[in-house]
Structures are given as structure tokens and as C-alpha cells.
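Notes for the one structure printed next.
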Amino acid sequence: MMKFYEVQERWNNLKWHTLAYFKRKQDADQYLKLYKLKKVSYPCRVEERAFSKISEIKKSLPPE
């Protein structure tokens with residue numbers, strides 16, 4: 001399973017808006033620091049995500 005990292009910013013309506021995606025957490029954290037220096041922003045976070053494989057989805061479904 002391949003992981004990736006999503007940098008998000010929370011807007012006024014409490015919805016999370018995606019700013020960028022990265023392969024490495026280190027890159028996501030560095031981007032977040034640069035983003036906060038450049039702009040006065042709302043709260044931000046880095047979320048770890050993973051790509052799904054069709055074989056994983058098939059295993060979770062009940063047999064036909």
C-alpha cells in the first residue's frame with residue numbers, strides 16, 4: 001500500500017481545503033512551514049492517506 005500526505009487548511013465554514021499532496025511526510029511538513037510563513041492562514045494539518053488496491057476492496061466485500 002502506497003502512502004501519501006495531504007496538507008489541508010481549515011476555512012471559516014469548518015471544511016478542510018486541500019493545499020497540496022506529497023509522497024514524503026518530511027516534504028509535507030516543510031511545505032506547511034513555508035505556507036505559514038508566506039501567508040497568515042487558518043489552522044492547517046498534514047493527513048496521512050493511502051492508495052487502495054482493487055484486491056483489498058474485493059477481500060472486504062462479501063462473497064457472491
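Identifiers in this document derive from the order of the C-alpha cells: chains are assigned A, B, ..., residues are numbered from 1 separately in each chain, and ligands are numbered from 1 in order of occurrence.
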
Review point. Near Glu6 (chain A), counting only C-alpha atoms, which residues have an atom at most 10 Å away, once you skip same-chain residues fewer than 2 positions from it, shown as a list in words?
Key: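 The filter keeps Phe4, Gln8, His17, Thr18, Leu19, Ala20, Tyr21, Phe22, Lys23, Arg24, Lys25, Ala28, Arg45, Val46, Glu47, Glu48 and Arg49 of chain A.
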
Exercise for review: Among the residues of chain A, find those DSSP assigns to helix (DSSP H, G or I) from the backbone and print them as a VMD selection string.
Suggested key: chain A and resid 25 to 38 54 to 60

Practice item. Name the residues of chain A that come out as strand (DSSP E or B) in a backbone DSSP run; write them as number ranges by chain. Key: A: 3-10, 16-22, 44-50

Go ahead and write the residues just picked, N, CA, C and O atoms, as a PDB file, in the first residue's frame.
```pdb
ATOM      1  N   LYS A   3       1.606   5.065   0.631  1.00  0.00           N
ATOM      2  CA  LYS A   3       1.107   6.182   1.436  1.00  0.00           C
ATOM      3  C   LYS A   3       1.491   7.506   0.790  1.00  0.00           C
ATOM      4  O   LYS A   3       2.506   7.607   0.107  1.00  0.00           O
ATOM      5  N   PHE A   4       0.664   8.503   1.027  1.00  0.00           N
ATOM      6  CA  PHE A   4       0.989   9.862   0.623  1.00  0.00           C
ATOM      7  C   PHE A   4       0.431  10.804   1.678  1.00  0.00           C
ATOM      8  O   PHE A   4      -0.325  10.390   2.561  1.00  0.00           O
ATOM      9  N   TYR A   5       0.822  12.068   1.615  1.00  0.00           N
ATOM     10  CA  TYR A   5       0.465  13.030   2.647  1.00  0.00           C
ATOM     11  C   TYR A   5      -0.246  14.213   2.026  1.00  0.00           C
ATOM     12  O   TYR A   5       0.192  14.755   1.014  1.00  0.00           O
ATOM     13  N   GLU A   6      -1.351  14.591   2.649  1.00  0.00           N
ATOM     14  CA  GLU A   6      -2.186  15.685   2.165  1.00  0.00           C
ATOM     15  C   GLU A   6      -2.100  16.837   3.162  1.00  0.00           C
ATOM     16  O   GLU A   6      -2.327  16.659   4.354  1.00  0.00           O
ATOM     17  N   VAL A   7      -1.743  18.029   2.663  1.00  0.00           N
ATOM     18  CA  VAL A   7      -1.698  19.230   3.502  1.00  0.00           C
ATOM     19  C   VAL A   7      -3.031  19.951   3.328  1.00  0.00           C
ATOM     20  O   VAL A   7      -3.454  20.210   2.205  1.00  0.00           O
ATOM     21  N   GLN A   8      -3.685  20.241   4.457  1.00  0.00           N
ATOM     22  CA  GLN A   8      -5.006  20.844   4.420  1.00  0.00           C
ATOM     23  C   GLN A   8      -5.051  22.109   5.272  1.00  0.00           C
ATOM     24  O   GLN A   8      -4.309  22.237   6.253  1.00  0.00           O
ATOM     25  N   GLU A   9      -5.968  23.007   4.902  1.00  0.00           N
ATOM     26  CA  GLU A   9      -6.208  24.232   5.655  1.00  0.00           C
ATOM     27  C   GLU A   9      -7.699  24.297   5.983  1.00  0.00           C
ATOM     28  O   GLU A   9      -8.535  24.012   5.127  1.00  0.00           O
ATOM     29  N   ARG A  10      -8.041  24.675   7.214  1.00  0.00           N
ATOM     30  CA  ARG A  10      -9.451  24.753   7.605  1.00  0.00           C
ATOM     31  C   ARG A  10      -9.972  26.157   7.340  1.00  0.00           C
ATOM     32  O   ARG A  10      -9.409  27.141   7.789  1.00  0.00           O
ATOM     33  N   TRP A  16     -12.275  21.368   5.465  1.00  0.00           N
ATOM     34  CA  TRP A  16     -10.845  21.282   5.193  1.00  0.00           C
ATOM     35  C   TRP A  16     -10.611  21.386   3.693  1.00  0.00           C
ATOM     36  O   TRP A  16     -11.184  20.638   2.916  1.00  0.00           O
ATOM     37  N   HIS A  17      -9.744  22.320   3.307  1.00  0.00           N
ATOM     38  CA  HIS A  17      -9.400  22.574   1.907  1.00  0.00           C
ATOM     39  C   HIS A  17      -7.995  22.026   1.649  1.00  0.00           C
ATOM     40  O   HIS A  17      -7.055  22.329   2.385  1.00  0.00           O
ATOM     41  N   THR A  18      -7.840  21.238   0.595  1.00  0.00           N
ATOM     42  CA  THR A  18      -6.542  20.651   0.256  1.00  0.00           C
ATOM     43  C   THR A  18      -5.636  21.701  -0.371  1.00  0.00           C
ATOM     44  O   THR A  18      -6.021  22.398  -1.305  1.00  0.00           O
ATOM     45  N   LEU A  19      -4.419  21.792   0.151  1.00  0.00           N
ATOM     46  CA  LEU A  19      -3.416  22.715  -0.389  1.00  0.00           C
ATOM     47  C   LEU A  19      -2.437  21.992  -1.306  1.00  0.00           C
ATOM     48  O   LEU A  19      -2.051  22.530  -2.338  1.00  0.00           O
ATOM     49  N   ALA A  20      -2.011  20.778  -0.913  1.00  0.00           N
ATOM     50  CA  ALA A  20      -1.019  20.045  -1.714  1.00  0.00           C
ATOM     51  C   ALA A  20      -0.950  18.585  -1.270  1.00  0.00           C
ATOM     52  O   ALA A  20      -1.414  18.235  -0.181  1.00  0.00           O
ATOM     53  N   TYR A  21      -0.354  17.758  -2.130  1.00  0.00           N
ATOM     54  CA  TYR A  21      -0.101  16.344  -1.835  1.00  0.00           C
ATOM     55  C   TYR A  21       1.397  16.084  -1.956  1.00  0.00           C
ATOM     56  O   TYR A  21       2.062  16.643  -2.825  1.00  0.00           O
ATOM     57  N   PHE A  22       1.919  15.200  -1.096  1.00  0.00           N
ATOM     58  CA  PHE A  22       3.338  14.857  -1.131  1.00  0.00           C
ATOM     59  C   PHE A  22       3.538  13.374  -0.891  1.00  0.00           C
ATOM     60  O   PHE A  22       2.747  12.733  -0.209  1.00  0.00           O
ATOM     61  N   CYS A  44      -3.921  24.565  10.008  1.00  0.00           N
ATOM     62  CA  CYS A  44      -3.504  23.632   8.964  1.00  0.00           C
ATOM     63  C   CYS A  44      -3.128  22.301   9.594  1.00  0.00           C
ATOM     64  O   CYS A  44      -2.833  22.222  10.786  1.00  0.00           O
ATOM     65  N   ARG A  45      -3.130  21.246   8.760  1.00  0.00           N
ATOM     66  CA  ARG A  45      -2.734  19.924   9.224  1.00  0.00           C
ATOM     67  C   ARG A  45      -2.188  19.109   8.064  1.00  0.00           C
ATOM     68  O   ARG A  45      -2.412  19.422   6.901  1.00  0.00           O
ATOM     69  N   VAL A  46      -1.467  18.031   8.431  1.00  0.00           N
ATOM     70  CA  VAL A  46      -0.968  17.062   7.452  1.00  0.00           C
ATOM     71  C   VAL A  46      -1.662  15.742   7.756  1.00  0.00           C
ATOM     72  O   VAL A  46      -1.589  15.240   8.878  1.00  0.00           O
ATOM     73  N   GLU A  47      -2.347  15.202   6.761  1.00  0.00           N
ATOM     74  CA  GLU A  47      -3.073  13.936   6.911  1.00  0.00           C
ATOM     75  C   GLU A  47      -2.374  12.842   6.105  1.00  0.00           C
ATOM     76  O   GLU A  47      -2.010  13.065   4.957  1.00  0.00           O
ATOM     77  N   GLU A  48      -2.199  11.673   6.724  1.00  0.00           N
ATOM     78  CA  GLU A  48      -1.620  10.530   6.013  1.00  0.00           C
ATOM     79  C   GLU A  48      -2.742   9.782   5.307  1.00  0.00           C
ATOM     80  O   GLU A  48      -3.764   9.458   5.907  1.00  0.00           O
ATOM     81  N   ARG A  49      -2.551   9.517   4.035  1.00  0.00           N
ATOM     82  CA  ARG A  49      -3.539   8.802   3.216  1.00  0.00           C
ATOM     83  C   ARG A  49      -2.852   7.613   2.545  1.00  0.00           C
ATOM     84  O   ARG A  49      -1.632   7.517   2.529  1.00  0.00           O
ATOM     85  N   ALA A  50      -3.654   6.736   1.963  1.00  0.00           N
ATOM     86  CA  ALA A  50      -3.096   5.583   1.249  1.00  0.00           C
ATOM     87  C   ALA A  50      -3.944   5.287   0.028  1.00  0.00           C
ATOM     88  O   ALA A  50      -5.166   5.453   0.059  1.00  0.00           O
TER      89      ALA A  50
END
```

Review point. Skipping near chain neighbours, those fewer than 5 positions away, what residues fall within 10 Å of Lys53 (chain A) using only C-alpha atoms, listed as a list in words?
Key: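 Near neighbours after the sequence-gap exclusion: Met1, Met2 and Lys58 of chain A.
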
Point to revise | CA of Tyr42 (chain A) to CA of Leu14 (chain A), distance in Å rounded to a single decimal | key: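 So the answer is 10.0 Å.
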
**Study point:** Which of A:Phe51, A:Pro43, A:Lys38, A:Pro63 sits closest to Lys15 (chain A) [using only C-alpha atoms]
**Key:** A:Pro43
